[in-house]
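Below is one structure, written out as structure tokens; the observations come after it.
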Amino acid sequence: MNNNFEDPYSVAVKQLKRVIDYLGLDEYVFDMLKTPERVIQVKVPVKMDNGKTAVFIGWRSQHNSALGPYKGGVRYHPNVTMNEVMALSMWMTWKTALLGLPYGGGKGGIKVDPRKLSHRELQELSRNYFAALSKFVGIDLDIPAPDVYTDSQVMAWFIDEYYKVTGYNIYGVVTSKPTLLGGMYTRIISTGLGVAITAREAAKRLIGGIRDLKVAIQGFGNVGSYAAKFLSEWGAKIIAVSDSKGGVYSEKGLDVEKLFQVKRDKGSVIYYGDAKRISNEELLTLDTDILIPAALENVITERNAPQIKAKVIAEGANGPTTPKADEILHERGIYVIPDILANAGGVTMSWIEWANNRMGNWLTEEEARRKLEEKMISAFNEHYSYWSRKKDIDPRTAAQALAVEKVVEAMKLRGWI
Ligand code: NAD
């Protein structure tokens, strides 16, 4: 599925160049935005359980801070590279700008396979990474969060290490924490809810409403499962879902509560029963109104884009559509809600959590959820009307153009350009 690999940083720079040209901005604006403001590389030694010291390499890329402190996750993965982290930090700048959050873009990573570490080794790795970064992060400077193979426990260690090194006991230095340390339960549902909201709003504009529409979802993990739950609560019919083992399809619709139960009890949605078994590839080209890729990158390609029947694609996953497929979908009139908008519910909830921490944990979960819904709807509306006015560009380029315009305006106001 991932044989369309292209260095993510070169993709991010190419996308930026296209937007700069489209907006008619000067070359020096491109120069200002193509490289991160700062990339910190840190050495992370860990005393392993066998008594030997292993040394890991980590990074934090701080792409742009014109709109506020850097914001973005930290991933632990054996394939992490500095270029990947730099690209992801640039996409975070566009995502936070598009959502109107008071943040810039950042991203971090350590080249490590955390599944091979013991709990103690993982804690030491996390603490040493954050200690090495402690001068460069902070509630008003750079606010990390979990990403691939990091979680709320890692965030709790980050908070504690920050306290030890700086003397400041501050919850808001990271987000997606355990609820006892200033996190919010709503975080679990937030990305899936955001995907569902943007799909619903697009359906209202383009198809006349969400009720009885057919929805196919690739990936029944955190994002896909909650997108399915909310869309079915709003009257849509979930006709197909899948996970790494394969998919299930039913023309009359699948019962989402049962899908959760089967996934929990048996480990895969394929044991649902009373539905046709399909492959992940078949799911993408089903006769459906809405398609939600919520698993991997590069799954919608020039090969299958001509066969896609959905009218709306909501990108739950990051980067599920290749640039060539984007062109084909745009020509065919299929509306793609780009990942930086569709899956921004997570970072939006992080902003609410961070603001809540600053207020001494004032908000209720209902208030947090209401705020999330409000913010996602207004970001969708702003993007949709911007794209509708332009029309000559695809929705992804429109989203990035809108974000770049905001960042450039902030850089002007600050006197950077
Ligand atoms: P997850 O690990 O909870 O779920 C991933 C799902 O994809 C699982 O159901 C898994 O079985 C399935 N999957 C794995 N390989 C597959 C394959 N080859 N074919 C089909 N399905 C496969 O992950 P998640 O948190 O739901 O994230 C999914 C995507 O959304 C990722 O691209 C992630 O970067 C993106 N994302 C997640 C969040 C978040 O808050 N969780 C926020 C923004 C973006």
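We name chains A, B, ... following the order of the structure tokens; residues begin at 1 in each chain, and ligands are numbered from 1 as shown.
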Q.
Which residues are near ligand 1 - at most 8 Å, using only C-alpha atoms and all ligand atoms? Format: as a PyMOL selection string.
A. chain A and resi 1+147-148+187-188+190-192+218-225+242-246+268+280+294-297+316-320+339+343-347
Q.
Just list as number ranges by chain whatever in range 222-401 of chain A DSSP marks as strand (DSSP E or B).
A. A: 237-243, 246-249, 276-278, 290-293, 300, 312-314, 321, 335-337
Q: Write out as a count of residues only the residues lying within 7 Å of range 120-127 of chain A, counting only C-alpha atoms and excluding same-chain residues fewer than 5 positions away.
A: 8
Q) What are the DSSP helix (DSSP H, G or I) residues of range 44-117 of chain A, as a count of residues only? A) 20
Give one line per residue of range 329-348 of chain A that approaches range 200-214 of chain A to at most 12 Å, naming the two atoms of the closest pair and their distance in Å to one decimal, counting only C-alpha atoms; sort by chain then ascending residue number and deliver it as CSV.
residue,atom,partner,partner_atom,distance
A:Gly333,CA,A:Leu206,CA,10.9
A:Ile334,CA,A:Leu206,CA,10.2
A:Tyr335,CA,A:Ala202,CA,8.4
A:Val336,CA,A:Ala202,CA,9.4
A:Ile337,CA,A:Ala202,CA,8.1
A:Pro338,CA,A:Ala202,CA,11.8
A:Leu341,CA,A:Ala202,CA,11.9
A:Ala342,CA,A:Ala202,CA,10.5
Go through range 198-287 of chain A residue by residue and, counting only C-alpha atoms, keep those with an atom at most 7 Å from range 304-311 of chain A; for each kept residue give the shortest atom pair and its distance in Å to one decimal, ordered by chain and increasing number, as a tab-separated table.
residue	atom	partner	partner_atom	distance
A:Leu284	CA	A:Ile308	CA	6.6
A:Thr285	CA	A:Ile308	CA	4.5
A:Leu286	CA	A:Lys309	CA	6.5
A:Asp287	CA	A:Lys309	CA	5.5
Residues as selected, N, CA, C and O atoms, written as a short mmCIF file (atom, residue, chain, number, x, y, z; two decimals), in the first residue's frame, can you do that?
data_model
loop_
_atom_site.label_atom_id
_atom_site.label_comp_id
_atom_site.auth_asym_id
_atom_site.auth_seq_id
_atom_site.Cartn_x
_atom_site.Cartn_y
_atom_site.Cartn_z
N LEU A 284 -12.55 1.02 -0.82
CA LEU A 284 -12.34 2.38 -1.33
C LEU A 284 -13.21 2.71 -2.55
O LEU A 284 -13.51 3.87 -2.78
N THR A 285 -13.58 1.68 -3.32
CA THR A 285 -14.32 1.96 -4.57
C THR A 285 -15.79 1.52 -4.48
O THR A 285 -16.46 1.37 -5.49
N LEU A 286 -16.28 1.33 -3.26
CA LEU A 286 -17.70 0.94 -3.09
C LEU A 286 -18.62 2.07 -3.55
O LEU A 286 -18.23 3.24 -3.56
N ASP A 287 -19.86 1.69 -3.84
CA ASP A 287 -20.87 2.67 -4.18
C ASP A 287 -21.34 3.33 -2.87
O ASP A 287 -22.20 2.80 -2.18
#
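If you count only C-alpha atoms and ignore residues fewer than 4 places along the chain from range 393-400 of chain A, what sits within 8 Å of it is Gln15, Leu16, Val19, Trp94, Leu98, Asp326, Glu327, His330, Tyr335, Val336, Ile337, Pro338, Ile340, Leu341, His383, Tyr386, Trp387 and Val404 of chain A.
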Q) Could you state the separation of CA of Ile300 in chain A and CA of Ala216 in chain A in Å, given to one decimal place? A) 13.7 Å
